[in-house]
$ cat final08.pdb   # PDB, C-alpha atoms
ATOM      1  CA  MET A   1    -141.465  47.574 -27.082  1.00  0.00           C
ATOM      2  CA  LYS A   2    -137.783  46.861 -27.663  1.00  0.00           C
ATOM      3  CA  LEU A   3    -135.136  44.417 -26.440  1.00  0.00           C
ATOM      4  CA  GLU A   4    -131.537  45.386 -27.133  1.00  0.00           C
ATOM      5  CA  LEU A   5    -128.349  43.425 -26.592  1.00  0.00           C
ATOM      6  CA  LYS A   6    -125.063  45.311 -26.582  1.00  0.00           C
ATOM      7  CA  ASN A   7    -121.788  43.396 -26.763  1.00  0.00           C
ATOM      8  CA  VAL A   8    -123.107  40.507 -24.658  1.00  0.00           C
ATOM      9  CA  THR A   9    -120.151  38.265 -23.862  1.00  0.00           C
ATOM     10  CA  LYS A  10    -119.833  35.149 -21.723  1.00  0.00           C
ATOM     11  CA  TRP A  11    -116.671  33.375 -20.652  1.00  0.00           C
ATOM     12  CA  TYR A  12    -116.380  30.033 -18.885  1.00  0.00           C
ATOM     13  CA  GLY A  13    -112.829  30.072 -17.647  1.00  0.00           C
ATOM     14  CA  ARG A  14    -110.697  30.590 -20.770  1.00  0.00           C
ATOM     15  CA  GLN A  15    -113.482  29.592 -23.166  1.00  0.00           C
ATOM     16  CA  CYS A  16    -115.545  32.351 -24.777  1.00  0.00           C
ATOM     17  CA  VAL A  17    -119.025  30.914 -25.428  1.00  0.00           C
ATOM     18  CA  LEU A  18    -120.623  34.220 -26.479  1.00  0.00           C
ATOM     19  CA  ASP A  19    -118.542  36.853 -28.215  1.00  0.00           C
ATOM     20  CA  GLN A  20    -119.916  40.434 -28.218  1.00  0.00           C
ATOM     21  CA  ILE A  21    -123.463  39.648 -29.355  1.00  0.00           C
ATOM     22  CA  SER A  22    -125.362  42.808 -30.330  1.00  0.00           C
ATOM     23  CA  MET A  23    -128.873  43.070 -31.780  1.00  0.00           C
ATOM     24  CA  VAL A  24    -132.178  44.916 -31.512  1.00  0.00           C
ATOM     25  CA  LEU A  25    -135.500  43.042 -31.325  1.00  0.00           C
ATOM     26  CA  GLU A  26    -138.975  44.537 -31.679  1.00  0.00           C
ATOM     27  CA  PRO A  27    -142.402  42.799 -31.729  1.00  0.00           C
ATOM     28  CA  GLY A  28    -142.356  39.701 -33.924  1.00  0.00           C
ATOM     29  CA  LEU A  29    -141.021  36.158 -34.034  1.00  0.00           C
ATOM     30  CA  TYR A  30    -137.266  35.669 -34.175  1.00  0.00           C
ATOM     31  CA  GLY A  31    -135.814  32.256 -34.948  1.00  0.00           C
ATOM     32  CA  LEU A  32    -132.528  31.596 -33.141  1.00  0.00           C
ATOM     33  CA  LEU A  33    -130.556  29.020 -35.108  1.00  0.00           C
ATOM     34  CA  GLY A  34    -127.209  27.378 -34.514  1.00  0.00           C
ATOM     35  CA  GLU A  35    -125.699  23.940 -34.243  1.00  0.00           C
ATOM     36  CA  ASN A  36    -125.333  22.244 -30.860  1.00  0.00           C
ATOM     37  CA  GLY A  37    -122.863  24.175 -28.744  1.00  0.00           C
ATOM     38  CA  ALA A  38    -123.280  27.411 -30.715  1.00  0.00           C
ATOM     39  CA  GLY A  39    -124.352  29.324 -27.585  1.00  0.00           C
ATOM     40  CA  LYS A  40    -128.133  29.497 -28.084  1.00  0.00           C
ATOM     41  CA  THR A  41    -129.109  28.290 -24.625  1.00  0.00           C
ATOM     42  CA  THR A  42    -126.441  30.425 -22.949  1.00  0.00           C
ATOM     43  CA  LEU A  43    -127.743  33.506 -24.755  1.00  0.00           C
ATOM     44  CA  MET A  44    -131.344  32.810 -23.749  1.00  0.00           C
ATOM     45  CA  ASN A  45    -130.388  32.152 -20.127  1.00  0.00           C
ATOM     46  CA  ILE A  46    -128.701  35.565 -20.059  1.00  0.00           C
ATOM     47  CA  ILE A  47    -131.750  37.278 -21.598  1.00  0.00           C
ATOM     48  CA  VAL A  48    -134.095  35.774 -19.001  1.00  0.00           C
ATOM     49  CA  GLY A  49    -131.752  36.578 -16.126  1.00  0.00           C
ATOM     50  CA  LEU A  50    -130.726  33.038 -15.168  1.00  0.00           C
ATOM     51  CA  LEU A  51    -127.086  33.536 -16.060  1.00  0.00           C
ATOM     52  CA  PRO A  52    -124.838  36.567 -15.547  1.00  0.00           C
ATOM     53  CA  MET A  53    -122.880  37.950 -18.485  1.00  0.00           C
ATOM     54  CA  SER A  54    -119.137  38.441 -18.340  1.00  0.00           C
ATOM     55  CA  SER A  55    -119.593  41.800 -20.063  1.00  0.00           C
ATOM     56  CA  GLY A  56    -122.165  43.711 -22.086  1.00  0.00           C
ATOM     57  CA  VAL A  57    -125.711  44.795 -21.313  1.00  0.00           C
ATOM     58  CA  VAL A  58    -129.299  43.697 -22.002  1.00  0.00           C
ATOM     59  CA  LEU A  59    -131.715  46.608 -22.339  1.00  0.00           C
ATOM     60  CA  TRP A  60    -135.507  46.544 -22.161  1.00  0.00           C
ATOM     61  CA  GLU A  61    -137.087  49.749 -23.431  1.00  0.00           C
ATOM     62  CA  GLY A  62    -133.687  51.418 -23.214  1.00  0.00           C
ATOM     63  CA  ARG A  63    -132.991  50.503 -19.578  1.00  0.00           C
ATOM     64  CA  PRO A  64    -130.736  47.693 -18.288  1.00  0.00           C
ATOM     65  CA  MET A  65    -132.863  44.746 -17.225  1.00  0.00           C
ATOM     66  CA  GLU A  66    -131.359  44.930 -13.720  1.00  0.00           C
ATOM     67  CA  GLU A  67    -132.990  48.361 -13.238  1.00  0.00           C
ATOM     68  CA  TRP A  68    -136.432  46.891 -13.935  1.00  0.00           C
ATOM     69  CA  LYS A  69    -135.989  44.351 -11.119  1.00  0.00           C
ATOM     70  CA  ASN A  70    -139.188  42.280 -10.692  1.00  0.00           C
ATOM     71  CA  GLN A  71    -141.002  44.287 -13.364  1.00  0.00           C
ATOM     72  CA  TYR A  72    -138.802  42.680 -15.994  1.00  0.00           C
ATOM     73  CA  TYR A  73    -139.673  39.157 -14.863  1.00  0.00           C
ATOM     74  CA  ASN A  74    -143.368  40.046 -14.784  1.00  0.00           C
ATOM     75  CA  MET A  75    -143.125  40.853 -18.503  1.00  0.00           C
ATOM     76  CA  LEU A  76    -141.239  37.658 -19.296  1.00  0.00           C
ATOM     77  CA  GLY A  77    -142.304  34.137 -20.264  1.00  0.00           C
ATOM     78  CA  PHE A  78    -139.729  31.361 -20.548  1.00  0.00           C
ATOM     79  CA  MET A  79    -139.755  27.722 -21.569  1.00  0.00           C
ATOM     80  CA  PRO A  80    -136.379  26.003 -21.038  1.00  0.00           C
ATOM     81  CA  GLN A  81    -135.152  23.208 -23.275  1.00  0.00           C
ATOM     82  CA  TYR A  82    -135.882  20.573 -20.640  1.00  0.00           C
ATOM     83  CA  PRO A  83    -138.762  21.913 -18.516  1.00  0.00           C
ATOM     84  CA  LYS A  84    -139.188  20.307 -15.099  1.00  0.00           C
ATOM     85  CA  PHE A  85    -142.616  19.262 -13.849  1.00  0.00           C
ATOM     86  CA  TYR A  86    -144.102  17.795 -10.690  1.00  0.00           C
ATOM     87  CA  LYS A  87    -145.148  14.375 -11.951  1.00  0.00           C
ATOM     88  CA  ASN A  88    -147.764  13.904  -9.216  1.00  0.00           C
ATOM     89  CA  PHE A  89    -149.537  17.138 -10.183  1.00  0.00           C
ATOM     90  CA  THR A  90    -152.245  17.267 -12.782  1.00  0.00           C
ATOM     91  CA  ALA A  91    -151.718  19.814 -15.552  1.00  0.00           C
ATOM     92  CA  LYS A  92    -154.375  22.018 -14.004  1.00  0.00           C
ATOM     93  CA  GLU A  93    -152.745  21.865 -10.567  1.00  0.00           C
ATOM     94  CA  PHE A  94    -149.360  22.663 -12.072  1.00  0.00           C
ATOM     95  CA  LEU A  95    -150.714  25.720 -13.910  1.00  0.00           C
ATOM     96  CA  GLU A  96    -152.465  26.905 -10.730  1.00  0.00           C
ATOM     97  CA  TYR A  97    -149.138  26.628  -8.918  1.00  0.00           C
ATOM     98  CA  MET A  98    -147.349  28.542 -11.697  1.00  0.00           C
ATOM     99  CA  CYS A  99    -150.020  31.272 -11.587  1.00  0.00           C
ATOM    100  CA  HIS A 100    -149.166  31.740  -7.920  1.00  0.00           C
ATOM    101  CA  ILE A 101    -145.427  31.847  -8.670  1.00  0.00           C
ATOM    102  CA  LYS A 102    -145.930  34.346 -11.512  1.00  0.00           C
ATOM    103  CA  GLY A 103    -148.268  36.570  -9.506  1.00  0.00           C
ATOM    104  CA  VAL A 104    -151.320  36.145 -11.741  1.00  0.00           C
ATOM    105  CA  PRO A 105    -154.260  37.728  -9.834  1.00  0.00           C
ATOM    106  CA  ARG A 106    -156.380  35.061  -8.116  1.00  0.00           C
ATOM    107  CA  LYS A 107    -159.628  36.163  -9.777  1.00  0.00           C
ATOM    108  CA  LYS A 108    -158.060  35.786 -13.234  1.00  0.00           C
ATOM    109  CA  ARG A 109    -156.388  32.401 -12.719  1.00  0.00           C
ATOM    110  CA  LYS A 110    -159.262  30.067 -13.602  1.00  0.00           C
ATOM    111  CA  GLU A 111    -160.003  31.812 -16.889  1.00  0.00           C
ATOM    112  CA  GLN A 112    -156.329  32.135 -17.792  1.00  0.00           C
ATOM    113  CA  ILE A 113    -155.615  28.458 -17.086  1.00  0.00           C
ATOM    114  CA  GLN A 114    -158.602  27.410 -19.188  1.00  0.00           C
ATOM    115  CA  THR A 115    -157.445  29.631 -22.049  1.00  0.00           C
ATOM    116  CA  MET A 116    -153.921  28.208 -21.947  1.00  0.00           C
ATOM    117  CA  LEU A 117    -155.132  24.597 -21.845  1.00  0.00           C
ATOM    118  CA  GLN A 118    -157.293  25.231 -24.896  1.00  0.00           C
ATOM    119  CA  MET A 119    -154.441  27.012 -26.634  1.00  0.00           C
ATOM    120  CA  VAL A 120    -152.114  23.997 -26.364  1.00  0.00           C
ATOM    121  CA  ASN A 121    -154.837  21.379 -26.878  1.00  0.00           C
ATOM    122  CA  LEU A 122    -154.604  19.868 -23.374  1.00  0.00           C
ATOM    123  CA  GLU A 123    -158.067  20.737 -22.096  1.00  0.00           C
ATOM    124  CA  SER A 124    -159.316  17.146 -22.214  1.00  0.00           C
ATOM    125  CA  ASP A 125    -156.158  15.914 -20.426  1.00  0.00           C
ATOM    126  CA  SER A 126    -156.006  18.626 -17.760  1.00  0.00           C
ATOM    127  CA  LYS A 127    -156.871  16.240 -14.891  1.00  0.00           C
ATOM    128  CA  LYS A 128    -154.324  13.584 -15.822  1.00  0.00           C
ATOM    129  CA  LEU A 129    -151.130  13.311 -13.809  1.00  0.00           C
ATOM    130  CA  ILE A 130    -148.185  14.896 -15.627  1.00  0.00           C
ATOM    131  CA  GLY A 131    -146.220  11.701 -15.002  1.00  0.00           C
ATOM    132  CA  ALA A 132    -148.536   9.949 -17.463  1.00  0.00           C
ATOM    133  CA  TYR A 133    -148.011  12.577 -20.178  1.00  0.00           C
ATOM    134  CA  SER A 134    -146.080  11.865 -23.362  1.00  0.00           C
ATOM    135  CA  GLY A 135    -143.027  13.968 -24.187  1.00  0.00           C
ATOM    136  CA  GLY A 136    -145.063  16.042 -26.636  1.00  0.00           C
ATOM    137  CA  MET A 137    -147.776  16.709 -24.051  1.00  0.00           C
ATOM    138  CA  ARG A 138    -145.168  17.898 -21.559  1.00  0.00           C
ATOM    139  CA  GLN A 139    -143.747  20.243 -24.184  1.00  0.00           C
ATOM    140  CA  ARG A 140    -147.203  21.705 -24.756  1.00  0.00           C
ATOM    141  CA  LEU A 141    -147.674  22.161 -21.018  1.00  0.00           C
ATOM    142  CA  GLY A 142    -144.340  23.969 -20.906  1.00  0.00           C
ATOM    143  CA  ILE A 143    -145.600  26.377 -23.562  1.00  0.00           C
ATOM    144  CA  ALA A 144    -148.807  26.950 -21.583  1.00  0.00           C
ATOM    145  CA  GLN A 145    -146.944  27.869 -18.378  1.00  0.00           C
ATOM    146  CA  ALA A 146    -144.705  30.272 -20.302  1.00  0.00           C
ATOM    147  CA  MET A 147    -147.787  32.164 -21.527  1.00  0.00           C
ATOM    148  CA  LEU A 148    -149.702  32.298 -18.212  1.00  0.00           C
ATOM    149  CA  ASN A 149    -148.765  35.888 -17.384  1.00  0.00           C
ATOM    150  CA  ASN A 150    -149.385  37.145 -20.945  1.00  0.00           C
ATOM    151  CA  PRO A 151    -145.712  38.114 -21.381  1.00  0.00           C
ATOM    152  CA  LYS A 152    -144.394  40.880 -23.611  1.00  0.00           C
ATOM    153  CA  LEU A 153    -141.168  38.905 -24.088  1.00  0.00           C
ATOM    154  CA  LEU A 154    -141.484  35.159 -24.703  1.00  0.00           C
ATOM    155  CA  VAL A 155    -138.342  33.008 -24.854  1.00  0.00           C
ATOM    156  CA  LEU A 156    -138.688  29.395 -26.027  1.00  0.00           C
ATOM    157  CA  ASP A 157    -135.823  26.899 -26.105  1.00  0.00           C
ATOM    158  CA  GLU A 158    -136.544  23.983 -28.488  1.00  0.00           C
ATOM    159  CA  PRO A 159    -140.326  24.187 -27.888  1.00  0.00           C
ATOM    160  CA  THR A 160    -141.279  21.768 -30.674  1.00  0.00           C
ATOM    161  CA  ALA A 161    -139.091  18.896 -29.447  1.00  0.00           C
ATOM    162  CA  GLY A 162    -141.310  15.855 -29.114  1.00  0.00           C
ATOM    163  CA  LEU A 163    -144.192  17.307 -31.097  1.00  0.00           C
ATOM    164  CA  ASP A 164    -145.535  15.356 -34.053  1.00  0.00           C
ATOM    165  CA  PRO A 165    -145.775  17.102 -37.489  1.00  0.00           C
ATOM    166  CA  ARG A 166    -149.421  18.106 -36.994  1.00  0.00           C
ATOM    167  CA  GLU A 167    -148.709  19.593 -33.562  1.00  0.00           C
ATOM    168  CA  ARG A 168    -145.706  21.474 -34.955  1.00  0.00           C
ATOM    169  CA  VAL A 169    -147.912  23.132 -37.587  1.00  0.00           C
ATOM    170  CA  ARG A 170    -150.490  24.020 -34.919  1.00  0.00           C
ATOM    171  CA  PHE A 171    -147.751  25.445 -32.717  1.00  0.00           C
ATOM    172  CA  ARG A 172    -146.256  27.457 -35.594  1.00  0.00           C
ATOM    173  CA  ASN A 173    -149.645  29.016 -36.330  1.00  0.00           C
ATOM    174  CA  LEU A 174    -150.180  29.842 -32.666  1.00  0.00           C
ATOM    175  CA  ILE A 175    -146.768  31.451 -32.211  1.00  0.00           C
ATOM    176  CA  THR A 176    -147.210  33.485 -35.402  1.00  0.00           C
ATOM    177  CA  GLU A 177    -150.445  34.897 -34.017  1.00  0.00           C
ATOM    178  CA  LEU A 178    -148.941  35.595 -30.585  1.00  0.00           C
ATOM    179  CA  SER A 179    -145.932  37.393 -32.096  1.00  0.00           C
ATOM    180  CA  LYS A 180    -148.107  40.275 -33.319  1.00  0.00           C
ATOM    181  CA  GLU A 181    -148.221  41.699 -29.797  1.00  0.00           C
ATOM    182  CA  ARG A 182    -144.917  40.609 -28.256  1.00  0.00           C
ATOM    183  CA  ILE A 183    -141.289  39.751 -28.909  1.00  0.00           C
ATOM    184  CA  ILE A 184    -140.780  35.999 -29.260  1.00  0.00           C
ATOM    185  CA  ILE A 185    -137.360  34.350 -29.421  1.00  0.00           C
ATOM    186  CA  LEU A 186    -137.553  30.722 -30.510  1.00  0.00           C
ATOM    187  CA  ALA A 187    -134.405  28.613 -30.479  1.00  0.00           C
ATOM    188  CA  THR A 188    -134.542  25.457 -32.545  1.00  0.00           C
ATOM    189  CA  HIS A 189    -132.510  23.112 -34.695  1.00  0.00           C
ATOM    190  CA  ILE A 190    -135.581  22.424 -36.889  1.00  0.00           C
ATOM    191  CA  VAL A 191    -135.058  24.961 -39.652  1.00  0.00           C
ATOM    192  CA  VAL A 192    -138.569  24.725 -41.113  1.00  0.00           C
ATOM    193  CA  ASP A 193    -140.084  25.787 -37.772  1.00  0.00           C
ATOM    194  CA  VAL A 194    -138.699  29.294 -38.218  1.00  0.00           C
ATOM    195  CA  GLU A 195    -138.219  29.592 -41.980  1.00  0.00           C
ATOM    196  CA  LEU A 196    -141.974  29.683 -42.521  1.00  0.00           C
ATOM    197  CA  ALA A 197    -142.985  31.960 -39.658  1.00  0.00           C
ATOM    198  CA  ALA A 198    -140.124  34.129 -38.396  1.00  0.00           C
ATOM    199  CA  LYS A 199    -139.860  37.856 -38.914  1.00  0.00           C
ATOM    200  CA  GLU A 200    -136.099  37.428 -38.841  1.00  0.00           C
ATOM    201  CA  ILE A 201    -133.632  34.618 -38.271  1.00  0.00           C
ATOM    202  CA  ILE A 202    -130.663  35.029 -35.937  1.00  0.00           C
ATOM    203  CA  LEU A 203    -127.797  32.725 -36.836  1.00  0.00           C
ATOM    204  CA  ILE A 204    -125.019  32.142 -34.328  1.00  0.00           C
ATOM    205  CA  GLN A 205    -121.994  29.913 -34.720  1.00  0.00           C
ATOM    206  CA  LYS A 206    -119.327  29.188 -32.103  1.00  0.00           C
ATOM    207  CA  GLY A 207    -120.614  32.024 -29.935  1.00  0.00           C
ATOM    208  CA  LYS A 208    -120.572  34.656 -32.673  1.00  0.00           C
ATOM    209  CA  LEU A 209    -123.493  36.376 -34.386  1.00  0.00           C
ATOM    210  CA  ILE A 210    -123.106  35.430 -38.048  1.00  0.00           C
ATOM    211  CA  LYS A 211    -126.113  37.258 -39.432  1.00  0.00           C
ATOM    212  CA  LYS A 212    -129.624  38.474 -38.549  1.00  0.00           C
ATOM    213  CA  ASP A 213    -132.042  39.041 -41.418  1.00  0.00           C
ATOM    214  CA  LYS A 214    -135.303  38.026 -43.084  1.00  0.00           C
ATOM    215  CA  PRO A 215    -135.787  34.290 -43.747  1.00  0.00           C
ATOM    216  CA  GLU A 216    -135.718  34.639 -47.532  1.00  0.00           C
ATOM    217  CA  ILE A 217    -132.328  36.349 -47.335  1.00  0.00           C
ATOM    218  CA  MET A 218    -130.961  33.933 -44.751  1.00  0.00           C
ATOM    219  CA  LYS A 219    -132.170  30.735 -46.430  1.00  0.00           C
ATOM    220  CA  PRO A 220    -129.113  29.996 -48.651  1.00  0.00           C
ATOM    221  CA  LEU A 221    -126.698  30.595 -45.764  1.00  0.00           C
ATOM    222  CA  ILE A 222    -128.742  28.476 -43.333  1.00  0.00           C
ATOM    223  CA  HIS A 223    -128.969  25.534 -45.694  1.00  0.00           C
ATOM    224  CA  GLU A 224    -125.269  25.739 -46.480  1.00  0.00           C
ATOM    225  CA  ILE A 225    -124.318  25.618 -42.789  1.00  0.00           C
ATOM    226  CA  PHE A 226    -126.832  22.985 -41.698  1.00  0.00           C
ATOM    227  CA  SER A 227    -126.068  20.726 -44.662  1.00  0.00           C
ATOM    228  CA  MET A 228    -122.457  20.614 -43.467  1.00  0.00           C
ATOM    229  CA  GLU A 229    -123.385  19.132 -40.077  1.00  0.00           C
TER     230      GLU A 229
END
$ encode --input "final08.pdb" --output "structure tokens"
Amino acid sequence: MKLELKNVTKWYGRQCVLDQISMVLEPGLYGLLGENGAGKTTLMNIIVGLLPMSSGVVLWEGRPMEEWKNQYYNMLGFMPQYPKFYKNFTAKEFLEYMCHIKGVPRKKRKEQIQTMLQMVNLESDSKKLIGAYSGGMRQRLGIAQAMLNNPKLLVLDEPTAGLDPRERVRFRNLITELSKERIIILATHIVVDVELAAKEIILIQKGKLIKKDKPEIMKPLIHEIFSME
């Protein structure tokens, strides 16, 4: 299982927001760090196929993701920074709808939904309308929908936003366990969320890849950059 980026570049008019990003990712948790405007969300939107690159290629198992067509999306789970929900749906109804969208077999949906609700600690609130959920509860629901199809590649944009300290620890433990069998890319501005759990940290600044390495090696550089903000 391998995701490879080769010279991924994105221009908006005359502004280069991603400049020849290249890296190889294998199973494990990767923390994607960078200040606001560094290009994190743009990079993730390219990886999940929501945004075309200006140049470069994204490879899954050695083949461009375009060649995989729908197979690639079937292996993918994504939680955007600001997930959208149907406020008049209950959490359970929303996850049933997402199972249909993601092509989860009908006979597996009930069990999978129950597993996801337990995983994110929303089982007791599954029949409440999403409109009555707190911000943290909506974040947890976003994580649950991203995992519905048991993805091999999981991309999470600021997944701990709105979570209290106890929920963040719970989430960190969960993601660490899940990363044993899949590639997880987690973008965040909360350094501790990835310092303690990531296999490697990817640091980007002004659209450029600064460094990708183990947390203990990256720690001095990260704290130097983030203390300057």
$ resolve_selection --input "final08.pdb" --expression "the PyMOL selection byres ((chain A and resi 82) around 12)" --output "list in words"
Thr41, Phe78, Met79, Pro80, Gln81, Pro83, Lys84, Phe85, Gly135, Gly136, Arg138, Gln139, Leu141, Gly142, Ile143, Leu156, Asp157, Glu158, Pro159, Thr160, Ala161 and Gly162 of chain A
$ resolve_selection --input "final08.pdb" --expression "the PyMOL selection byres ((chain A and resi 8) around 8)" --output "list in words"
Leu5, Lys6, Asn7, Thr9, Lys10, Leu18, Asp19, Gln20, Ile21, Ser22, Met53, Ser54, Ser55, Gly56, Val57 and Val58 of chain A
$ closest_residue --input "final08.pdb" --among "A:His100, A:Lys40, A:Met65, A:Ser126" --to "A:Pro52" --atoms "only C-alpha atoms"
A:Met65
$ closest_residue --input "final08.pdb" --among "A:Asn36, A:Asn45, A:Asn121, A:Gln15" --to "A:Val155" --atoms "all atoms listed in the file"
A:Asn45
$ atom_distance --input "final08.pdb" --atom1 "atom CA of A:Ile47" --atom2 "atom CA of A:Lys219"
25.7 Å
$ resolve_selection --input "final08.pdb" --expression "the PyMOL selection byres ((chain A and resi 152) around 7)" --output "list in words"
Met75, Leu76, Asn150, Pro151, Leu153, Leu154, Arg182 and Ile183 of chain A
